[in-house]
Amino acid sequence: VSITLSASDVIQTLAEVRSSTPLVQCLTNAVVTNVTANSLLALGATPAMTDIPGEAGLFARIASAMLVNLGTPHGDQRIAMLEAARAANEAGTPWVLDPVAIGVLPVRTALAFELLDLKPTAIRGNASEIIALAGHGSGGRGVDSIDAPESALEAATHLARRYGSVVAISGATDIITDGARVLRVSNGHRYLTLMTGGGCALGAVTAAFLAPTRDVLSAVTSATAVYTIAAQMAAGRAEGPGSFAVAFLDALAAIGPADIRSHLALA
Amino acid sequence: VSITLSASDVIQTLAEVRSSTPLVQCLTNAVVTNVTANSLLALGATPAMTDIPGEAGLFARIASAMLVNLGTPHGDQRIAMLEAARAANEAGTPWVLDPVAIGVLPVRTALAFELLDLKPTAIRGNASEIIALAGHGSGGRGVDSIDAPESALEAATHLARRYGSVVAISGATDIITDGARVLRVSNGHRYLTLMTGGGCALGAVTAAFLAPTRDVLSAVTSATAVYTIAAQMAAGRAEGPGSFAVAFLDALAAIGPADIRSHLALA
Amino acid sequence: VSITLSASDVIQTLAEVRSSTPLVQCLTNAVVTNVTANSLLALGATPAMTDIPGEAGLFARIASAMLVNLGTPHGDQRIAMLEAARAANEAGTPWVLDPVAIGVLPVRTALAFELLDLKPTAIRGNASEIIALAGHGSGGRGVDSIDAPESALEAATHLARRYGSVVAISGATDIITDGARVLRVSNGHRYLTLMTGGGCALGAVTAAFLAPTRDVLSAVTSATAVYTIAAQMAAGRAEGPGSFAVAFLDALAAIGPADIRSHLALA
């Protein structure tokens with residue numbers, strides 16, 4: 001089933017995020033903490049990187065939304081991630097799982113499956129990661145190859161139906177599904193792939209969009225659209241990946257209704 | 001008691017920092033290490049993020065000044081923080097405590113109280129953090145609310161008198177007290193609050209200003225003034241939070257006597 | 001013995017790096033992970049900061065090249081570093097050792113000597129670090145003073161002959177030796193010393209250049225030349241250390257044959 005989402009829907013969701021300044025807890029990797037926090041601040045949310053055992057769960061109960069990103073899952077952080085996910089579920093805090101580089105790497109893959117069983121509100125990853133995550137229960141496939149986003153739609157649909165999560169597959173066209181409906185966002189720019197954290201920060205922005213709403217499919221799609229349109233705005237002012245990263249934060253702060261109406265490429 | 005500090009005093013203190021290129025050890029959170037190190041380098045100091053048990057104390061003896069920031073206090077770093085603070089005291093190295101987000105979060109709150117007993121040379125935090133820190137010994141208040149800087153002046157005065165620290169409360173107007181005298185700096189720009197590390201890096205810059213002097217109140221106030229004036233200089237060249245962060249580092253390197261004379265808003 | 005390397009050699013090596021998009025595993029310090037990953041992406045390589053025990057060794061077998069940087073060697077990361085270095089040797093993955101701040105600091109110094117015994121493909125450090133590393137086996141000298149690059153040439157030659165590594169000494173003029181031949185690169189800009197990670201990211205770029213070739217001396221020299229010429233290109237567009245860091249990433253992406261021909265200062 002395909003549905004559509006209008007530019008007005010995206011604009012309204014962004015306005016709700018900004019007016020509520022959600023407190024977004026991020027348990028994320030060491031490489032991207034800075035750009036992740038800055039992306040949330042630019043957008044109008046409040047980041048908090050609370051990832052210590054004994055604090056992470058407590059914070060997940062008061063946060064507006066939460067992100068678990070498996071990019072560099074050190075020992076204590078792994079404990080904190082499970083603690084936070086369990087607390088989020090108990091408190092009704094929506095949360096996002098980003099299963100970075102799972103498949104071949106055993107520590108994070110085992111952790112991803114534990115987290116998956118806690119039913120994240122949303123999951124985002126590239127095609128290989130989504131396929132690897134869906135391998136859970138059917139033997140594990142240890143995917144490391146680069147797969148096209150469409151090739152992961154079956155895996156995403158399976159995950160969405162089994163765990164009740166909305167699943168986003170990143171790529172030149174991002175695909176988002178709740179297991180029944182499918183949306184595609186064709187915004188973005190290749191510079192996003194030359195900025196470390198270009199994908200990871202979207203996980204945090206997705207969490208911010210989950211905070212003020214119960215319509216998870218719409219929230220994940222709106223987050224993806226706003227983020228990738230901001231990338232297009234920034235690319236027009238950039239002379240390379242360095243100036244792109246700077247202009248991207250400016251664009252996340254500046255993006256408004258007119259930008260969304262003129263750029264949105266949603267199917 | 002209110003005193004004044006002249007632009008000439010601030011200018012001279014900055015000159016002393018730059019001419020001595022202080023070696024500033026930072027035990028700080030994972031989100032802001034990069035911008036903290038870059039702020040120190042831009043200003044003319046030398047950063048060293050030595051925070052390993054077995055090295056942190058040794059380094060605190062040779063550093064010109066030291067910062068302990070509790071933003072993401074992982075297990076080993078907590079041990080290193082206590083080791084460094086004890087060594088700093090023994091060696092006479094001035095040090096700054098930034099009690100990030102204490103009050104509700106139990107691990108860092110307990111650590112903050114242990115560090116407070118080691119009598120930091122200076123303490124900087126927002127109003128809620130200063131109030132929570134002052135709750136030590138009177139039962140703990142677990143403050144998480146957002147308090148106005150002036151509402152924390154009593155708590156700051158109490159801390160300053162009991163522990164011999166100069167205490168800085170951050171806000172639109174920063175308040176600095178040694179328990180008897182009170183200074184207020186009304187420089188700065190809201191973009192600083194949209195750049196992650198905007199407060200944390202000031203803790204490191206404050207440490208740099210402590211290195212060449214024994215007048216702690218003047219040093220903390222001068223650090224705050226230089227840092228927040230640089231923010232105003234940068235804001236004039238920024239188109240958003242991304243370009244602000246870039247211009248801010250340029251401004252920290254460029255700030256000179258004329259900028260301080262024309263911008264300083266000190267009472 | 002002095003040899004020369006032509007601009008054409010450097011240009012060809014850069015082209016081979018870009019066309020092979022090497023996967024560069026970095027076990028590096030917390031301060032510079034972001035700028036290191038972004039430098040590799042800008043240049044045309046793919047970074048992966050896999051530094052968890054149980055994953056690091058596995059990844060070192062599939063990576064094109066690997067970096068070990070001792071800037072903030074926390075407990076688990078130290079285990080992962082040895083695991084990765086051993087796996088790299090078994091799999092034939094070239095790797096770079098950057099012995100940051102060894103000499104006085106005991107934890108990293110002991111680790112550096114363990115890693116040295118595993119015979120890194122290349123070693124890069126400042127003069128004090130290279131002299132300290134060469135002290136291994138002759139009693140240890142614990143050097144912390146700032147030494148001129150030329151004063152470390154004897155130590156570098158000793159290391160190169162004993163461990164079979166190509167050794168690069170950073171400075172205003174970088175010196176590179178394989179124990180017999182010596183090359184000097186006089187490119188670069190002082191802004192690189194005001195950007196945290198200015199040295200550390202070169203370690204990762206050096207690893208990227210090792211991936212497509214067996215001529216280690218030429219690869220290390222070419223990496224140094226490309227990196228420091230990019231710094232000169234960026235300095236011409238910068239107004240301070242903040243805008244330099246942005247322009248530097250743009251320059252790493254943009255640098256081409258004409259830039260190398262017009263700037264290369266190699267002896």
# chains A, B, ... in the order shown; residues from 1 in each chain; ligands from 1
>>> calpha_fit_and_write(fixed="chain A", moving="chain C", output="compact mmCIF listing (two decimals) with C-alpha atoms, in the first residue's frame")
# COMPACT_ATOMS: atom_id res chain seq x y z
CA VAL C 1 0.06 -0.09 -0.04
CA SER C 2 1.39 3.35 -0.97
CA ILE C 3 0.12 6.50 0.69
CA THR C 4 1.12 10.10 0.25
CA LEU C 5 2.10 12.73 2.73
CA SER C 6 1.73 16.37 1.75
CA ALA C 7 4.20 19.23 2.19
CA SER C 8 1.69 20.70 4.64
CA ASP C 9 1.93 17.59 6.81
CA VAL C 10 5.72 17.86 6.91
CA ILE C 11 5.56 21.59 7.66
CA GLN C 12 3.13 21.04 10.51
CA THR C 13 5.19 18.24 12.06
CA LEU C 14 8.32 20.41 11.95
CA ALA C 15 6.42 23.24 13.61
CA GLU C 16 5.30 20.88 16.38
CA VAL C 17 8.90 19.73 16.94
CA ARG C 18 10.17 23.29 17.19
CA SER C 19 7.40 24.50 19.45
CA SER C 20 7.89 21.62 21.88
CA THR C 21 11.75 21.72 21.94
CA PRO C 22 11.95 17.98 22.68
CA LEU C 23 14.66 16.67 25.00
CA VAL C 24 16.38 13.97 22.92
CA GLN C 25 18.64 11.51 24.72
CA CYS C 26 21.34 10.08 22.44
CA LEU C 27 23.39 6.97 23.19
CA THR C 28 25.52 7.24 20.09
CA ASN C 29 28.98 6.64 18.72
CA ALA C 30 32.08 8.61 19.61
CA VAL C 31 32.65 9.88 16.08
CA VAL C 32 29.37 11.73 15.65
CA THR C 33 28.31 12.95 19.11
CA ASN C 34 29.26 16.51 18.27
CA VAL C 35 27.50 16.80 14.91
CA THR C 36 24.50 14.94 16.33
CA ALA C 37 24.11 17.36 19.23
CA ASN C 38 24.60 20.34 16.92
CA SER C 39 22.01 19.03 14.45
CA LEU C 40 19.43 18.75 17.21
CA LEU C 41 20.24 22.22 18.53
CA ALA C 42 20.07 23.74 15.06
CA LEU C 43 16.68 22.15 14.45
CA GLY C 44 15.27 23.42 17.73
CA ALA C 45 15.56 20.34 19.97
CA THR C 46 17.64 19.83 23.11
CA PRO C 47 20.25 17.04 23.04
CA ALA C 48 21.49 15.09 26.06
CA MET C 49 24.15 12.43 25.55
CA THR C 50 23.47 10.61 28.82
CA ASP C 51 24.93 7.12 28.35
CA ILE C 52 26.29 6.04 31.74
CA PRO C 53 24.86 2.91 33.40
CA GLY C 54 22.87 4.07 36.40
CA GLU C 55 21.88 7.29 34.66
CA ALA C 56 20.78 6.26 31.17
CA GLY C 57 17.59 4.50 32.26
CA LEU C 58 16.62 7.26 34.63
CA PHE C 59 17.10 9.82 31.90
CA ALA C 60 15.11 7.79 29.36
CA ARG C 61 12.08 8.19 31.63
CA ILE C 62 12.23 11.98 31.47
CA ALA C 63 13.45 12.41 27.88
CA SER C 64 10.99 13.26 25.11
CA ALA C 65 12.61 10.68 22.81
CA MET C 66 15.73 8.54 22.66
CA LEU C 67 18.27 7.26 20.13
CA VAL C 68 20.44 4.15 20.33
CA ASN C 69 23.21 4.12 17.68
CA LEU C 70 25.59 1.16 17.61
CA GLY C 71 28.57 2.79 15.89
CA THR C 72 31.15 2.37 18.69
CA PRO C 73 29.41 0.34 21.42
CA HIS C 74 31.95 0.21 24.25
CA GLY C 75 31.34 -2.02 27.26
CA ASP C 76 29.61 0.42 29.60
CA GLN C 77 27.64 1.98 26.80
CA ARG C 78 26.18 -1.41 25.84
CA ILE C 79 24.84 -1.82 29.37
CA ALA C 80 23.47 1.72 29.29
CA MET C 81 21.74 1.10 25.97
CA LEU C 82 19.75 -1.85 27.25
CA GLU C 83 18.96 0.01 30.46
CA ALA C 84 17.72 3.02 28.49
CA ALA C 85 15.65 0.98 26.03
CA ARG C 86 13.89 -0.90 28.81
CA ALA C 87 13.19 2.30 30.72
CA ALA C 88 11.94 4.03 27.56
CA ASN C 89 9.46 1.23 26.99
CA GLU C 90 8.21 1.39 30.57
CA ALA C 91 7.82 5.16 30.45
CA GLY C 92 6.38 5.32 26.94
CA THR C 93 9.35 7.27 25.57
CA PRO C 94 9.63 6.69 21.80
CA TRP C 95 13.03 5.53 20.65
CA VAL C 96 15.04 4.87 17.49
CA LEU C 97 17.50 2.05 16.82
CA ASP C 98 20.34 2.66 14.33
CA PRO C 99 22.10 -0.72 13.87
CA VAL C 100 25.37 0.68 12.45
CA ALA C 101 27.54 -1.88 10.64
CA ILE C 102 25.83 -4.95 12.06
CA GLY C 103 26.13 -8.24 10.25
CA VAL C 104 29.82 -9.06 10.28
CA LEU C 105 30.79 -7.44 13.58
CA PRO C 106 29.67 -9.80 16.35
CA VAL C 107 29.47 -7.58 19.46
CA ARG C 108 27.13 -5.02 17.99
CA THR C 109 25.14 -7.62 16.08
CA ALA C 110 24.30 -9.52 19.27
CA LEU C 111 23.39 -6.23 20.95
CA ALA C 112 21.21 -5.18 18.01
CA PHE C 113 19.17 -8.36 18.33
CA GLU C 114 18.70 -7.80 22.08
CA LEU C 115 17.54 -4.25 21.38
CA LEU C 116 15.28 -5.38 18.56
CA ASP C 117 13.45 -7.65 20.98
CA LEU C 118 12.64 -4.50 22.97
CA LYS C 119 10.67 -3.25 19.93
CA PRO C 120 12.09 0.13 18.95
CA THR C 121 9.54 2.71 17.85
CA ALA C 122 11.57 3.23 14.69
CA ILE C 123 14.59 1.65 13.06
CA ARG C 124 16.84 3.33 10.55
CA GLY C 125 19.79 1.91 8.66
CA ASN C 126 21.20 1.30 5.22
CA ALA C 127 19.98 -1.64 3.17
CA SER C 128 22.70 -4.03 4.35
CA GLU C 129 22.01 -3.23 8.00
CA ILE C 130 18.25 -3.70 7.63
CA ILE C 131 18.75 -7.03 5.83
CA ALA C 132 21.17 -8.17 8.54
CA LEU C 133 18.75 -7.13 11.27
CA ALA C 134 15.91 -9.02 9.61
CA GLY C 135 18.13 -12.12 9.56
CA HIS C 136 17.45 -12.41 13.29
CA GLY C 137 15.42 -15.53 13.94
CA SER C 138 16.07 -16.97 10.48
CA GLY C 139 19.70 -17.81 11.17
CA GLY C 140 21.51 -14.54 10.58
CA ARG C 141 22.92 -13.59 7.25
CA GLY C 142 25.90 -11.46 8.24
CA VAL C 143 25.42 -9.07 5.35
CA ASP C 144 28.28 -6.70 4.67
CA SER C 145 27.78 -6.05 0.97
CA ILE C 146 26.30 -2.83 -0.30
CA ASP C 147 22.71 -3.48 -1.19
CA ALA C 148 20.31 -1.14 -2.97
CA PRO C 149 17.55 0.30 -0.75
CA GLU C 150 14.74 -1.42 -2.69
CA SER C 151 16.42 -4.80 -2.12
CA ALA C 152 15.85 -4.33 1.62
CA LEU C 153 12.15 -3.54 1.43
CA GLU C 154 11.12 -7.12 2.10
CA ALA C 155 13.40 -7.24 5.15
CA ALA C 156 12.07 -3.89 6.34
CA THR C 157 8.48 -5.04 5.96
CA HIS C 158 9.25 -8.19 7.94
CA LEU C 159 10.85 -6.17 10.75
CA ALA C 160 8.00 -3.67 10.82
CA ARG C 161 5.35 -6.39 11.08
CA ARG C 162 7.15 -8.54 13.61
CA TYR C 163 8.35 -5.80 15.97
CA GLY C 164 5.79 -3.06 15.37
CA SER C 165 8.52 -0.61 14.34
CA VAL C 166 8.52 1.87 11.50
CA VAL C 167 11.59 1.05 9.42
CA ALA C 168 13.56 3.56 7.32
CA ILE C 169 16.08 2.40 4.73
CA SER C 170 18.55 5.12 3.82
CA GLY C 171 19.82 5.69 0.30
CA ALA C 172 19.57 8.08 -2.63
CA THR C 173 15.87 7.45 -2.19
CA ASP C 174 14.94 6.76 1.43
CA ILE C 175 12.22 4.16 1.92
CA ILE C 176 10.01 4.21 5.01
CA THR C 177 7.47 1.52 5.91
CA ASP C 178 5.27 0.47 8.79
CA GLY C 179 4.82 -2.98 7.29
CA ALA C 180 1.70 -2.02 5.36
CA ARG C 181 2.29 1.41 3.87
CA VAL C 182 5.45 2.48 2.04
CA LEU C 183 6.75 6.04 1.54
CA ARG C 184 9.75 7.16 -0.49
CA VAL C 185 11.70 10.40 -0.04
CA SER C 186 13.98 11.34 -2.94
CA ASN C 187 15.60 14.42 -1.41
CA GLY C 188 19.19 14.69 -0.23
CA HIS C 189 22.64 15.27 -1.66
CA ARG C 190 25.78 13.17 -2.02
CA TYR C 191 27.63 15.59 0.29
CA LEU C 192 25.69 13.99 3.18
CA THR C 193 27.71 10.81 2.52
CA LEU C 194 30.98 12.77 2.74
CA MET C 195 30.15 14.19 6.20
CA THR C 196 30.71 11.70 9.01
CA GLY C 197 27.49 11.45 10.98
CA GLY C 198 25.41 12.35 7.93
CA GLY C 199 23.33 9.25 8.56
CA CYS C 200 23.74 9.03 12.32
CA ALA C 201 22.47 12.53 13.02
CA LEU C 202 19.31 11.72 11.08
CA GLY C 203 18.64 9.03 13.68
CA ALA C 204 18.61 11.70 16.36
CA VAL C 205 16.49 14.05 14.28
CA THR C 206 14.07 11.18 13.71
CA ALA C 207 13.82 10.73 17.47
CA ALA C 208 13.06 14.45 17.83
CA PHE C 209 10.20 14.12 15.34
CA LEU C 210 8.75 11.15 17.27
CA ALA C 211 8.39 13.22 20.42
CA PRO C 212 5.30 15.30 19.70
CA THR C 213 3.20 12.76 17.78
CA ARG C 214 1.68 9.26 17.75
CA ASP C 215 1.79 8.99 13.95
CA VAL C 216 5.17 7.28 13.71
CA LEU C 217 5.16 6.69 9.94
CA SER C 218 4.43 10.36 9.28
CA ALA C 219 7.02 11.48 11.85
CA VAL C 220 9.83 9.34 10.45
CA THR C 221 9.02 10.42 6.92
CA SER C 222 8.83 14.09 7.88
CA ALA C 223 12.16 13.88 9.71
CA THR C 224 13.78 12.33 6.67
CA ALA C 225 12.30 14.95 4.37
CA VAL C 226 13.30 17.95 6.50
CA TYR C 227 16.82 16.61 7.00
CA THR C 228 17.48 15.77 3.36
CA ILE C 229 15.94 19.00 2.07
CA ALA C 230 18.26 20.89 4.43
CA ALA C 231 21.12 18.98 2.80
CA GLN C 232 20.02 20.22 -0.62
CA MET C 233 19.80 23.80 0.67
CA ALA C 234 23.31 23.48 2.11
CA ALA C 235 24.81 21.89 -0.98
CA GLY C 236 23.88 24.99 -2.97
CA ARG C 237 26.13 27.06 -0.70
CA ALA C 238 29.01 24.61 -0.30
CA GLU C 239 32.37 24.42 -2.04
CA GLY C 240 33.21 21.00 -0.64
CA PRO C 241 32.41 18.65 2.24
CA GLY C 242 33.82 21.02 4.90
CA SER C 243 31.72 24.03 3.97
CA PHE C 244 28.76 21.70 3.38
CA ALA C 245 28.80 20.54 7.02
CA VAL C 246 28.73 24.15 8.19
CA ALA C 247 25.99 25.19 5.78
CA PHE C 248 23.99 22.11 6.72
CA LEU C 249 23.67 23.22 10.36
CA ASP C 250 22.69 26.68 9.17
CA ALA C 251 20.07 25.09 6.90
CA LEU C 252 18.61 22.93 9.68
CA ALA C 253 18.07 26.12 11.66
CA ALA C 254 16.71 28.07 8.68
CA ILE C 255 14.50 25.54 6.90
CA GLY C 256 10.92 26.73 6.68
CA PRO C 257 7.64 26.12 4.87
CA ALA C 258 8.77 27.61 1.55
CA ASP C 259 11.86 25.39 1.43
CA ILE C 260 9.79 22.30 2.11
CA ARG C 261 7.15 23.19 -0.46
CA SER C 262 9.69 23.86 -3.20
CA HIS C 263 11.95 20.85 -2.58
CA LEU C 264 9.82 17.99 -1.26
CA ALA C 265 10.15 14.90 -3.46
CA LEU C 266 7.93 12.37 -1.77
CA ALA C 267 6.15 9.36 -3.23
>>> select_by_dssp(residues="stretch 52-266 of chain C", states="helix (DSSP H, G or I)", output="number ranges by chain")
C: 56-62, 75-91, 106-116, 127-134, 149-163, 190-194, 200-210, 216-235, 241-254, 257-263
>>> select_by_dssp(residues="stretch 6-235 of chain A", states="strand (DSSP E)", output="ChimeraX atom specification")
/A:23-27,46-48,65-69,95-98,122-126,166-170,174-177,182-185
